[in-house]
Amino acid sequence: TFDSRRFLDYWTDLFRPLPRNPREGFIPDYTPENQEEFDFIVIGAGSAGAVIANRLTEVPQWNVLLIESGGNENFFSDIPIFASFLSLTPMNWGYISMPEPRACRDLRGKVCFLPRGRVLGGSSVLNFLIYQRGHPEDYNDWARMGNEGWSYDQILPYFKKSENIGIKELQNSSYHGVGGYLDIQYSPYHSPLEKPFRQAGEELGYKWRDPNGEKLIGFSKPQATMRKGRRCSSSKAFLEPIRFRPNLKVTKFSTASKILIDPHTKTAYGVEFTKRNKSIQVRARREVVSSAGSIGSAQLLMVSGVGPKDHLQEFGINTIADLPVGYNLQDHVTFSGNAFIVNQTGMTMNDLSAASPFVAAAYMSGQGPLTLPGGAAGLAFVHTKFSRDQDLTRPDVELVMGAGSLAGDAVGILRSLLGVTDEWYWKTYSSLSFGARQRTFSINPVLIRPNSVGRLMLRSPNFADHPKIHLNYFADLNDLRTMVAGVRMVEKVIGTKAFQRFGTKLHTTPFPGCESFVFDSDEYWECAIMQTSITLDHQVGTCKMAPEGDPTGVVSPRLQVHGIRGLRVADASIMPRIPAAHTHAAVLMIAEKAADLIKEDWKIPISKNY
Ligand SMILES: Cc1cc2nc3c(=O)[nH]c(=O)nc-3n(C[C@H](O)[C@H](O)[C@H](O)COP(=O)(O)OP(=O)(O)OC[C@H]3O[C@@H](n4cnc5c(N)ncnc54)[C@H](O)[C@@H]3O)c2cc1C
């Protein structure tokens, strides 16, 4: 029978531009028989799942089934600057938060929008490509919480194992790896804002640095998961090169509805999933690995009987293991409303300039502004006075400079992604002429060491019903003060000679709902941040890793679900605390380590040759 999703899946793949890396190619779809057996079943072919499927199938005697709810990437998802556009497609699960008392108050429906990838490669296909690992102490904190094996020295080799650093001056750095599956490069495009940004940092006493090197505080050009100017997703990096391994089967458009766990032996023995309206059960001889992401893994565990007993009882779910699944939800939030206007055209990038045929032609040869990762042209790690500790080497705010701004979003794609209403947009920016709106860029402060913690809860016992996501942004008021300190830091950057050379100024129309505050007072910024808070889509922590006996833990430091045999979780959800960085690199590291832990536990010799 004709299947339109599969047809489209293959058809859009043909439009991915040549020359392709020879290792890239269309991943074939496999539909298992009911009750078919595999050694391992991995749920979710996202950032983590793609790595795990690759590393487990290195063992020729093991066969692996990878279950993914989405289909292939395509031509559009390869274009780095179009990252926001993808959230408007079926590649996005389209989650939203519950109403937040202190955040997203003036966004559409008064909720925060939480895109997650539903595609081979998962959120690494939707993400902004920025490759950052975080501070060594972020991971030493994990180890100090009792998670043996997760200190920085122990996990650095796994970051390097994945990596193929294409930045010449870093190829001999002891912090980077060469020859791994994942290409890390700079965008070949130099935004005209890059130089002033660097000079501004120097004027303020910051060094231009490798943000994944020895010292992090400083300014930098974004390192990106990029191959010749195109997105290098986790699927392109880890799955496509091994798509014909005989011991790997990938079932696409397949949504796991339940992990099958024997309530008496407390052993996971399989997975139930739906494909083309048909329910199929598959069985695992050795283990089930959930890599469905911070939202998917927590929800799947709970609907399968692993979660807080009182909460599962509300939905009539039989509790097999009473564990705090869904707690410990953490995320990075930013404020992207500010627009800075320059007095020259051609310095900034907005949606209409991105649509020019010259820009498109440059992209076809892997060049030009479309290769900017999510539009980001500069990054900075800074330390504010509100930081939780006195370690001046640990950043608590990141500044992300966008080559354009929300004000320049003439067509409305960015608005749709962020949940910004047309009414808000016009109230805020209509005092600027069209030309001025096209001459704007942004520098957004990101809260990278939040104290506030949220919770994910079920809405129903069915996986198909999106869960209730309580983000609790700014529940801890220190987080709000830190964000205001971030706005002040941005003001300092804009005030430097480097930016004043272009007459750079802040657009000063007050944000809707904050008109009663004195413009530029701390109270005004607090209001603005709470009205239009935007997530960086870094949700982590819902299946927290903690040692046996710690009541907050869901998985052990070997990533096994406490009290259940044959079930691990390996994805962003296991992070006990969010690192002070974009989360994709940390997820890949977790997956690399998870594969080695599995091999060790099944007595397979592991190569330390990286
Ligand atoms: C818009 C956006 C921008 C981001 N920008 C950056 C950035 O610039 N840099 C950075 O470092 N990080 C960024 N991130 C975050 C980063 O991409 C994620 O932290 C990371 O990809 C999470 O990996 P994961 O494996 O935990 O989950 P995912 O990559 O989301 O993978 C989960 C996979 O499981 C599948 N799945 C879920 N449930 C089921 C089910 N029941 N059955 C079958 N399959 C299922 C999903 O479809 C998905 O493919 C961004 C994320 C988003 C969404």
# chains A, B, ... in the order shown; residues from 1 in each chain; ligands from 1

$ residues_around --residues "Phe82 in chain A" --least-positions-apart "5" --cutoff "8 Å" --atoms "only C-alpha atoms" --output "ChimeraX atom specification"
/A:76-77,370,374

$ residues_around --residues "range 194-202 of chain A" --least-positions-apart "4" --cutoff "12 Å" --atoms "only C-alpha atoms" --output "compact mmCIF listing (two decimals) with C-alpha atoms, in the first residue's frame"
# COMPACT_ATOMS: atom_id res chain seq x y z
CA SER A 187 30.79 28.51 10.02
CA TYR A 189 31.00 32.87 7.07
CA HIS A 190 32.36 35.83 9.02
CA TYR A 206 37.99 39.36 27.92
CA LYS A 207 40.13 37.04 25.81
CA TRP A 208 39.01 35.49 22.49
CA ARG A 209 39.03 31.79 23.37
CA ILE A 217 35.40 32.87 30.51
CA GLY A 218 35.80 34.92 27.36
CA PHE A 219 34.42 35.68 23.90
CA SER A 220 34.41 33.31 20.93
CA LYS A 221 33.11 32.35 17.53
CA PRO A 222 30.61 29.47 17.86
CA VAL A 342 23.25 49.90 13.63
CA MET A 347 25.99 44.34 8.83
CA THR A 348 23.05 42.25 9.99
CA LEU A 372 25.67 30.61 10.59
CA ALA A 376 24.59 32.89 16.03
CA ALA A 377 27.66 34.95 15.18
CA GLY A 378 29.37 35.24 18.57
CA LEU A 379 29.27 33.79 22.08
CA ALA A 380 30.63 34.91 25.43
CA PHE A 381 30.86 33.27 28.83
CA VAL A 382 30.77 35.72 31.75
CA LEU A 399 25.79 36.00 25.79
CA VAL A 400 24.64 34.81 22.38
CA MET A 401 25.00 37.34 19.59
CA GLY A 402 22.54 36.79 16.76
CA ALA A 403 23.33 38.17 13.31
CA PHE A 441 20.82 42.40 15.65
CA SER A 442 20.58 40.89 19.11
CA ILE A 443 22.74 39.86 22.02
CA MET A 489 26.49 42.96 30.64
CA VAL A 490 25.00 43.21 27.14
CA GLU A 491 24.61 46.97 27.64
CA LYS A 492 28.31 47.16 28.46
CA VAL A 493 29.19 45.28 25.26
CA ILE A 494 27.02 47.59 23.18
CA GLY A 495 28.54 50.64 24.90
CA THR A 496 32.09 49.78 23.80
CA LYS A 497 33.91 51.82 21.16
CA ALA A 498 33.84 48.75 18.96
CA PHE A 499 30.04 48.89 18.70
CA GLN A 500 29.62 52.64 19.04
CA ARG A 501 31.62 53.02 15.81
CA PHE A 502 28.39 51.91 14.12
CA THR A 504 24.71 50.94 17.84

$ residues_around --residues "Ile534 in chain A" --least-positions-apart "5" --cutoff "9 Å" --atoms "only C-alpha atoms" --output "PyMOL selection string"
chain A and resi 103-104+112-113+332-336+418-419+529

$ residues_around --residues "range 179-183 of chain A" --least-positions-apart "3" --cutoff "8 Å" --atoms "only C-alpha atoms" --output "PyMOL selection string"
chain A and resi 160-166+225-227+232+234+237-238

$ write_last_selection --atoms "N, CA and C atoms" --output "JSON list (two decimals), in the first residue's frame"
[["chain", "number", "residue", "atom", "x", "y", "z"],
["A", 160, "LYS", "N", 35.99, 13.64, 23.31],
["A", 160, "LYS", "CA", 36.98, 13.61, 22.23],
["A", 160, "LYS", "C", 36.73, 12.43, 21.28],
["A", 161, "LYS", "N", 36.20, 11.35, 21.83],
["A", 161, "LYS", "CA", 35.98, 10.15, 21.01],
["A", 161, "LYS", "C", 35.03, 10.43, 19.84],
["A", 162, "SER", "N", 33.97, 11.19, 20.10],
["A", 162, "SER", "CA", 32.97, 11.49, 19.06],
["A", 162, "SER", "C", 33.50, 12.43, 18.01],
["A", 163, "GLU", "N", 34.49, 13.23, 18.41],
["A", 163, "GLU", "CA", 34.75, 14.47, 17.67],
["A", 163, "GLU", "C", 35.72, 14.34, 16.50],
["A", 164, "ASN", "N", 35.41, 15.06, 15.45],
["A", 164, "ASN", "CA", 36.38, 15.27, 14.37],
["A", 164, "ASN", "C", 36.50, 16.79, 14.20],
["A", 165, "ILE", "N", 37.43, 17.36, 14.95],
["A", 165, "ILE", "CA", 37.52, 18.83, 14.95],
["A", 165, "ILE", "C", 38.15, 19.29, 13.62],
["A", 166, "GLY", "N", 37.42, 20.18, 12.95],
["A", 166, "GLY", "CA", 37.90, 20.66, 11.66],
["A", 166, "GLY", "C", 38.54, 22.04, 11.76],
["A", 225, "THR", "N", 28.26, 21.87, 15.14],
["A", 225, "THR", "CA", 28.17, 20.52, 14.58],
["A", 225, "THR", "C", 27.85, 20.69, 13.10],
["A", 226, "MET", "N", 28.89, 20.83, 12.31],
["A", 226, "MET", "CA", 28.74, 21.28, 10.93],
["A", 226, "MET", "C", 29.72, 20.54, 10.04],
["A", 227, "ARG", "N", 29.24, 20.19, 8.82],
["A", 227, "ARG", "CA", 30.12, 19.54, 7.84],
["A", 227, "ARG", "C", 30.02, 20.34, 6.57],
["A", 232, "CYS", "N", 25.59, 18.87, 10.75],
["A", 232, "CYS", "CA", 26.05, 17.49, 10.96],
["A", 232, "CYS", "C", 25.29, 16.97, 12.17],
["A", 234, "SER", "N", 23.26, 14.19, 14.64],
["A", 234, "SER", "CA", 23.69, 12.94, 15.22],
["A", 234, "SER", "C", 23.39, 11.77, 14.27],
["A", 237, "ALA", "N", 25.97, 11.95, 11.46],
["A", 237, "ALA", "CA", 27.30, 11.59, 11.94],
["A", 237, "ALA", "C", 27.40, 10.11, 12.28],
["A", 238, "PHE", "N", 26.42, 9.61, 13.05],
["A", 238, "PHE", "CA", 26.60, 8.28, 13.65],
["A", 238, "PHE", "C", 25.79, 7.17, 12.98]]

$ residues_around --residues "Thr532 in chain A" --least-positions-apart "6" --cutoff "12 Å" --atoms "only C-alpha atoms" --output "JSON, numbers by chain"
{"A": [100, 102, 103, 104, 105, 106, 107, 108, 110, 111, 112, 113, 333, 334, 335, 336, 337, 338, 406, 415, 418, 419, 420, 421, 424, 425, 428, 473, 511, 512, 513, 514, 525, 526]}

$ write_last_selection --atoms "N, CA and C atoms" --output "JSON list (two decimals), in the first residue's frame"
[["chain", "number", "residue", "atom", "x", "y", "z"],
["A", 100, "GLU", "N", 3.12, 29.49, 33.33],
["A", 100, "GLU", "CA", 4.21, 29.72, 34.28],
["A", 100, "GLU", "C", 3.95, 31.02, 35.04],
["A", 102, "ARG", "N", 6.07, 33.00, 36.48],
["A", 102, "ARG", "CA", 7.08, 34.05, 36.28],
["A", 102, "ARG", "C", 7.74, 33.98, 34.91],
["A", 103, "ALA", "N", 7.14, 33.33, 33.95],
["A", 103, "ALA", "CA", 7.80, 33.24, 32.64],
["A", 103, "ALA", "C", 6.78, 33.10, 31.52],
["A", 104, "CYS", "N", 7.21, 33.50, 30.33],
["A", 104, "CYS", "CA", 6.40, 33.32, 29.11],
["A", 104, "CYS", "C", 5.01, 33.94, 29.28],
["A", 105, "ARG", "N", 4.89, 35.00, 30.08],
["A", 105, "ARG", "CA", 3.56, 35.51, 30.45],
["A", 105, "ARG", "C", 2.86, 36.20, 29.29],
["A", 106, "ASP", "N", 3.67, 36.67, 28.32],
["A", 106, "ASP", "CA", 3.03, 37.37, 27.21],
["A", 106, "ASP", "C", 3.24, 36.63, 25.89],
["A", 107, "LEU", "N", 3.54, 35.34, 25.96],
["A", 107, "LEU", "CA", 3.68, 34.56, 24.73],
["A", 107, "LEU", "C", 2.31, 33.98, 24.36],
["A", 108, "ARG", "N", 2.24, 33.41, 23.14],
["A", 108, "ARG", "CA", 0.97, 32.89, 22.66],
["A", 108, "ARG", "C", 0.41, 31.86, 23.65],
["A", 110, "LYS", "N", 0.02, 32.15, 26.63],
["A", 110, "LYS", "CA", 0.68, 32.37, 27.92],
["A", 110, "LYS", "C", 1.43, 31.11, 28.40],
["A", 111, "VAL", "N", 2.04, 30.41, 27.44],
["A", 111, "VAL", "CA", 2.84, 29.22, 27.77],
["A", 111, "VAL", "C", 4.18, 29.31, 27.03],
["A", 112, "CYS", "N", 5.13, 28.48, 27.45],
["A", 112, "CYS", "CA", 6.43, 28.45, 26.77],
["A", 112, "CYS", "C", 6.39, 27.35, 25.71],
["A", 113, "PHE", "N", 7.04, 27.59, 24.59],
["A", 113, "PHE", "CA", 7.06, 26.63, 23.48],
["A", 113, "PHE", "C", 8.33, 25.79, 23.58],
["A", 333, "VAL", "N", 17.15, 29.32, 30.12],
["A", 333, "VAL", "CA", 16.19, 30.28, 29.60],
["A", 333, "VAL", "C", 16.93, 31.55, 29.18],
["A", 334, "THR", "N", 16.38, 32.22, 28.18],
["A", 334, "THR", "CA", 17.01, 33.44, 27.70],
["A", 334, "THR", "C", 15.95, 34.51, 27.49],
["A", 335, "PHE", "N", 16.42, 35.69, 27.13],
["A", 335, "PHE", "CA", 15.52, 36.80, 26.85],
["A", 335, "PHE", "C", 15.97, 37.37, 25.51],
["A", 336, "SER", "N", 15.09, 37.25, 24.49],
["A", 336, "SER", "CA", 15.56, 37.65, 23.16],
["A", 336, "SER", "C", 14.82, 38.84, 22.58],
["A", 337, "GLY", "N", 14.19, 39.65, 23.41],
["A", 337, "GLY", "CA", 13.39, 40.76, 22.88],
["A", 337, "GLY", "C", 14.19, 41.98, 22.44],
["A", 338, "ASN", "N", 15.39, 42.14, 23.00],
["A", 338, "ASN", "CA", 16.13, 43.37, 22.70],
["A", 338, "ASN", "C", 16.66, 43.39, 21.27],
["A", 406, "LEU", "N", 14.80, 39.66, 16.54],
["A", 406, "LEU", "CA", 13.35, 39.41, 16.43],
["A", 406, "LEU", "C", 12.67, 40.55, 15.67],
["A", 415, "ARG", "N", 9.06, 34.43, 15.12],
["A", 415, "ARG", "CA", 7.94, 34.70, 16.04],
["A", 415, "ARG", "C", 7.17, 33.42, 16.34],
["A", 418, "LEU", "N", 9.07, 31.06, 18.61],
["A", 418, "LEU", "CA", 9.22, 31.48, 20.00],
["A", 418, "LEU", "C", 7.89, 31.66, 20.71],
["A", 419, "GLY", "N", 6.80, 31.69, 19.94],
["A", 419, "GLY", "CA", 5.49, 31.89, 20.55],
["A", 419, "GLY", "C", 5.18, 33.36, 20.76],
["A", 420, "VAL", "N", 5.91, 34.23, 20.05],
["A", 420, "VAL", "CA", 5.67, 35.67, 20.17],
["A", 420, "VAL", "C", 4.48, 36.02, 19.27],
["A", 421, "THR", "N", 3.50, 36.72, 19.81],
["A", 421, "THR", "CA", 2.29, 37.01, 19.01],
["A", 421, "THR", "C", 2.56, 38.18, 18.06],
["A", 424, "TRP", "N", 2.12, 41.49, 19.90],
["A", 424, "TRP", "CA", 3.31, 41.86, 20.68],
["A", 424, "TRP", "C", 4.37, 42.44, 19.74],
["A", 425, "TYR", "N", 4.57, 41.76, 18.61],
["A", 425, "TYR", "CA", 5.60, 42.17, 17.67],
["A", 425, "TYR", "C", 5.35, 43.60, 17.19],
["A", 428, "THR", "N", 5.70, 46.33, 19.80],
["A", 428, "THR", "CA", 7.08, 46.56, 20.23],
["A", 428, "THR", "C", 7.93, 47.23, 19.15],
["A", 473, "TYR", "N", 10.53, 28.32, 35.68],
["A", 473, "TYR", "CA", 11.59, 29.30, 35.47],
["A", 473, "TYR", "C", 11.44, 30.43, 36.50],
["A", 511, "PHE", "N", 8.42, 47.14, 26.40],
["A", 511, "PHE", "CA", 7.72, 45.89, 26.05],
["A", 511, "PHE", "C", 6.31, 45.92, 26.62],
["A", 512, "PRO", "N", 5.35, 45.34, 25.87],
["A", 512, "PRO", "CA", 3.96, 45.32, 26.35],
["A", 512, "PRO", "C", 3.87, 44.70, 27.74],
["A", 513, "GLY", "N", 3.13, 45.36, 28.60],
["A", 513, "GLY", "CA", 2.96, 44.86, 29.96],
["A", 513, "GLY", "C", 3.97, 45.44, 30.93],
["A", 514, "CYS", "N", 5.02, 46.11, 30.42],
["A", 514, "CYS", "CA", 6.06, 46.63, 31.32],
["A", 514, "CYS", "C", 6.12, 48.16, 31.24],
["A", 525, "TRP", "N", 13.50, 45.47, 33.53],
["A", 525, "TRP", "CA", 14.06, 44.29, 32.86],
["A", 525, "TRP", "C", 13.49, 43.00, 33.44],
["A", 526, "GLU", "N", 13.28, 43.00, 34.77],
["A", 526, "GLU", "CA", 12.67, 41.80, 35.37],
["A", 526, "GLU", "C", 11.32, 41.53, 34.74]]

$ residues_around --residues "Leu312 in chain A" --least-positions-apart "4" --cutoff "9 Å" --atoms "only C-alpha atoms" --output "PyMOL selection string"
chain A and resi 302-303+305-308+316-319+458+461

$ closest_residue --among "A:Thr274, A:Thr255, A:Ser521, A:Asn444" --to "Ala339 in chain A" --atoms "only C-alpha atoms"
A:Asn444

$ closest_residue --among "A:Ser356, A:Gln344, A:Pro211, A:Val289" --to "Glu398 in chain A" --atoms "only C-alpha atoms"
A:Pro211

$ atom_distance --atom1 "CA of Asp322 in chain A" --atom2 "CA of Leu456 in chain A"
15.6 Å

$ closest_residue --among "A:Lys544, A:Arg388, A:His507, A:His582" --to "ligand 1" --atoms "only C-alpha atoms and all ligand atoms"
A:His582

$ closest_residue --among "A:Arg437, A:Arg230, A:Arg565, A:His584" --to "ligand 1" --atoms "only C-alpha atoms and all ligand atoms"
A:His584

$ closest_residue --among "A:Glu36, A:Asp601, A:Glu137, A:Asp331" --to "ligand 1" --atoms "only C-alpha atoms and all ligand atoms"
A:Asp331

$ residues_around --residues "Pro246 in chain A" --least-positions-apart "2" --cutoff "9 Å" --atoms "only C-alpha atoms" --output "PyMOL selection string"
chain A and resi 57+60+63+243-244+248-249

$ write_last_selection --atoms "N, CA and C atoms" --output "PDB file, in the first residue's frame"
ATOM      1  N   THR A  57      26.337  -1.818  17.794  1.00  0.00           N
ATOM      2  CA  THR A  57      26.451  -2.688  16.609  1.00  0.00           C
ATOM      3  C   THR A  57      27.908  -2.847  16.152  1.00  0.00           C
ATOM      4  N   PRO A  60      29.832  -7.520  16.572  1.00  0.00           N
ATOM      5  CA  PRO A  60      29.147  -8.203  15.465  1.00  0.00           C
ATOM      6  C   PRO A  60      28.115  -9.226  15.927  1.00  0.00           C
ATOM      7  N   ASN A  63      22.627  -7.991  17.807  1.00  0.00           N
ATOM      8  CA  ASN A  63      21.785  -7.239  16.869  1.00  0.00           C
ATOM      9  C   ASN A  63      20.920  -6.237  17.633  1.00  0.00           C
ATOM     10  N   ARG A 243      24.603   2.568   8.002  1.00  0.00           N
ATOM     11  CA  ARG A 243      23.205   2.198   7.715  1.00  0.00           C
ATOM     12  C   ARG A 243      23.062   0.806   7.123  1.00  0.00           C
ATOM     13  N   PHE A 244      24.151   0.238   6.587  1.00  0.00           N
ATOM     14  CA  PHE A 244      24.039  -1.109   6.011  1.00  0.00           C
ATOM     15  C   PHE A 244      24.659  -2.185   6.906  1.00  0.00           C
ATOM     16  N   LEU A 248      22.157  -3.974  12.426  1.00  0.00           N
ATOM     17  CA  LEU A 248      21.367  -2.797  12.843  1.00  0.00           C
ATOM     18  C   LEU A 248      20.093  -2.721  12.015  1.00  0.00           C
ATOM     19  N   LYS A 249      18.956  -2.613  12.702  1.00  0.00           N
ATOM     20  CA  LYS A 249      17.682  -2.385  12.013  1.00  0.00           C
ATOM     21  C   LYS A 249      17.070  -1.116  12.601  1.00  0.00           C
TER      22      LYS A 249
END

$ select_by_dssp --residues "range 344-381 of chain A" --states "strand (DSSP E or B)" --output "VMD selection string"
chain A and resid 376 to 381

$ select_by_dssp --residues "range 48-206 of chain A" --states "helix (DSSP H, G or I)" --output "short mmCIF file (atom, residue, chain, number, x, y, z; two decimals) with N, CA and C atoms, in the first residue's frame"
data_model
loop_
_atom_site.label_atom_id
_atom_site.label_comp_id
_atom_site.auth_asym_id
_atom_site.auth_seq_id
_atom_site.Cartn_x
_atom_site.Cartn_y
_atom_site.Cartn_z
N ALA A 48 21.39 11.00 21.45
CA ALA A 48 22.00 9.88 22.18
C ALA A 48 21.77 8.55 21.48
N GLY A 49 20.54 8.30 21.05
CA GLY A 49 20.18 6.98 20.51
C GLY A 49 21.01 6.61 19.28
N ALA A 50 21.33 7.60 18.45
CA ALA A 50 22.12 7.33 17.25
C ALA A 50 23.52 6.83 17.63
N VAL A 51 24.10 7.46 18.65
CA VAL A 51 25.44 7.06 19.10
C VAL A 51 25.40 5.64 19.67
N ILE A 52 24.39 5.39 20.49
CA ILE A 52 24.33 4.08 21.17
C ILE A 52 24.13 2.96 20.14
N ALA A 53 23.24 3.19 19.17
CA ALA A 53 23.00 2.17 18.15
C ALA A 53 24.29 1.89 17.38
N ASN A 54 25.02 2.94 17.10
CA ASN A 54 26.29 2.76 16.38
C ASN A 54 27.27 1.93 17.22
N ARG A 55 27.47 2.34 18.46
CA ARG A 55 28.52 1.68 19.26
C ARG A 55 28.14 0.25 19.61
N LEU A 56 26.84 -0.03 19.85
CA LEU A 56 26.47 -1.40 20.20
C LEU A 56 26.61 -2.33 18.99
N PHE A 76 16.13 21.07 3.87
CA PHE A 76 15.95 22.27 4.70
C PHE A 76 16.60 22.11 6.07
N SER A 77 16.51 20.90 6.61
CA SER A 77 17.06 20.73 7.96
C SER A 77 18.58 20.79 7.94
N ASP A 78 19.17 20.67 6.77
CA ASP A 78 20.63 20.79 6.67
C ASP A 78 21.12 22.24 6.78
N PRO A 80 21.97 25.53 8.29
CA PRO A 80 22.15 25.93 9.69
C PRO A 80 21.29 27.11 10.15
N ILE A 81 21.13 28.13 9.29
CA ILE A 81 20.41 29.31 9.80
C ILE A 81 18.90 29.08 9.84
N PHE A 82 18.41 28.02 9.19
CA PHE A 82 16.97 27.76 9.18
C PHE A 82 16.49 26.94 10.37
N ALA A 83 17.33 26.83 11.39
CA ALA A 83 16.98 25.97 12.52
C ALA A 83 15.59 26.31 13.08
N SER A 84 15.28 27.60 13.17
CA SER A 84 13.99 27.96 13.78
C SER A 84 12.82 27.47 12.94
N PHE A 85 13.02 27.49 11.62
CA PHE A 85 11.96 27.12 10.70
C PHE A 85 11.50 25.67 10.94
N LEU A 86 12.43 24.81 11.34
CA LEU A 86 12.11 23.38 11.47
C LEU A 86 11.09 23.11 12.56
N ARG A 108 2.24 33.41 23.14
CA ARG A 108 0.97 32.89 22.66
C ARG A 108 0.41 31.86 23.65
N GLY A 109 -0.83 32.06 24.07
CA GLY A 109 -1.46 31.13 25.01
C GLY A 109 -0.86 31.21 26.41
N LYS A 110 0.02 32.15 26.63
CA LYS A 110 0.68 32.37 27.92
C LYS A 110 1.43 31.11 28.40
N SER A 123 16.62 15.95 18.40
CA SER A 123 16.75 17.40 18.56
C SER A 123 18.05 17.92 17.95
N SER A 124 18.98 17.03 17.59
CA SER A 124 20.19 17.51 16.92
C SER A 124 19.88 17.94 15.48
N VAL A 125 18.66 17.68 15.01
CA VAL A 125 18.25 18.14 13.69
C VAL A 125 17.56 19.50 13.80
N LEU A 126 16.96 19.77 14.96
CA LEU A 126 16.28 21.05 15.14
C LEU A 126 17.20 22.09 15.78
N PRO A 136 34.65 22.14 33.56
CA PRO A 136 35.04 20.88 34.22
C PRO A 136 34.32 20.66 35.55
N GLU A 137 34.11 21.74 36.31
CA GLU A 137 33.47 21.57 37.62
C GLU A 137 32.00 21.16 37.50
N ASP A 138 31.38 21.41 36.34
CA ASP A 138 29.99 20.95 36.16
C ASP A 138 29.95 19.43 36.31
N TYR A 139 30.97 18.77 35.73
CA TYR A 139 31.00 17.30 35.77
C TYR A 139 31.61 16.81 37.08
N ASN A 140 32.57 17.58 37.63
CA ASN A 140 33.09 17.19 38.94
C ASN A 140 31.97 17.27 39.98
N ASP A 141 31.02 18.19 39.78
CA ASP A 141 29.83 18.24 40.67
C ASP A 141 29.04 16.93 40.57
N TRP A 142 28.88 16.43 39.33
CA TRP A 142 28.13 15.16 39.17
C TRP A 142 28.83 14.06 39.98
N ALA A 143 30.16 14.02 39.88
CA ALA A 143 30.92 12.99 40.59
C ALA A 143 30.79 13.19 42.10
N ARG A 144 30.84 14.47 42.53
CA ARG A 144 30.72 14.75 43.97
C ARG A 144 29.35 14.33 44.51
N TYR A 152 35.26 15.13 35.43
CA TYR A 152 35.68 15.69 34.13
C TYR A 152 36.79 14.87 33.48
N ASP A 153 37.79 14.50 34.30
CA ASP A 153 38.90 13.73 33.71
C ASP A 153 38.41 12.41 33.14
N GLN A 154 37.38 11.85 33.77
CA GLN A 154 36.88 10.56 33.29
C GLN A 154 35.98 10.68 32.06
N ILE A 155 35.36 11.85 31.86
CA ILE A 155 34.44 11.94 30.72
C ILE A 155 35.04 12.70 29.52
N LEU A 156 36.11 13.45 29.76
CA LEU A 156 36.73 14.19 28.64
C LEU A 156 37.06 13.26 27.45
N PRO A 157 37.59 12.04 27.72
CA PRO A 157 37.89 11.15 26.57
C PRO A 157 36.66 10.86 25.72
N TYR A 158 35.46 10.86 26.32
CA TYR A 158 34.26 10.55 25.54
C TYR A 158 33.84 11.72 24.66
N PHE A 159 34.08 12.95 25.13
CA PHE A 159 33.83 14.11 24.25
C PHE A 159 34.74 13.99 23.03
N LYS A 160 35.99 13.64 23.31
CA LYS A 160 36.98 13.61 22.23
C LYS A 160 36.73 12.43 21.28
N LYS A 161 36.20 11.35 21.83
CA LYS A 161 35.98 10.15 21.01
C LYS A 161 35.03 10.43 19.84
N SER A 162 33.97 11.19 20.10
CA SER A 162 32.97 11.49 19.06
C SER A 162 33.50 12.43 18.01
N LYS A 168 41.55 24.11 12.32
CA LYS A 168 42.98 23.77 12.21
C LYS A 168 43.75 24.02 13.51
N GLU A 169 43.56 25.25 14.07
CA GLU A 169 44.40 25.61 15.21
C GLU A 169 44.07 24.78 16.48
N LEU A 170 42.97 24.02 16.43
CA LEU A 170 42.61 23.22 17.61
C LEU A 170 42.90 21.73 17.43
N GLU A 194 31.18 40.08 13.77
CA GLU A 194 32.12 39.22 14.51
C GLU A 194 33.31 40.04 15.05
N LYS A 195 33.86 40.90 14.17
CA LYS A 195 35.04 41.67 14.58
C LYS A 195 34.70 42.64 15.72
N PRO A 196 33.63 43.47 15.56
CA PRO A 196 33.30 44.35 16.70
C PRO A 196 33.04 43.57 17.99
N PHE A 197 32.45 42.39 17.87
CA PHE A 197 32.15 41.60 19.07
C PHE A 197 33.47 41.20 19.76
N ARG A 198 34.39 40.75 18.95
CA ARG A 198 35.69 40.35 19.50
C ARG A 198 36.38 41.56 20.15
N GLN A 199 36.35 42.69 19.42
CA GLN A 199 37.02 43.89 19.95
C GLN A 199 36.32 44.39 21.22
N ALA A 200 34.99 44.28 21.23
CA ALA A 200 34.24 44.71 22.43
C ALA A 200 34.68 43.89 23.63
N GLY A 201 34.81 42.58 23.42
CA GLY A 201 35.27 41.70 24.50
C GLY A 201 36.64 42.15 24.99
N GLU A 202 37.54 42.43 24.05
CA GLU A 202 38.90 42.83 24.44
C GLU A 202 38.88 44.16 25.20
N GLU A 203 38.04 45.08 24.73
CA GLU A 203 37.91 46.37 25.44
C GLU A 203 37.48 46.16 26.88
#

$ closest_residue --among "A:Pro576, A:Gly117, A:Gly404, A:Gly486" --to "ligand 1" --atoms "only C-alpha atoms and all ligand atoms"
A:Gly117

$ atom_distance --atom1 "CA of Tyr269 in chain A" --atom2 "CA of Arg455 in chain A"
28.2 Å
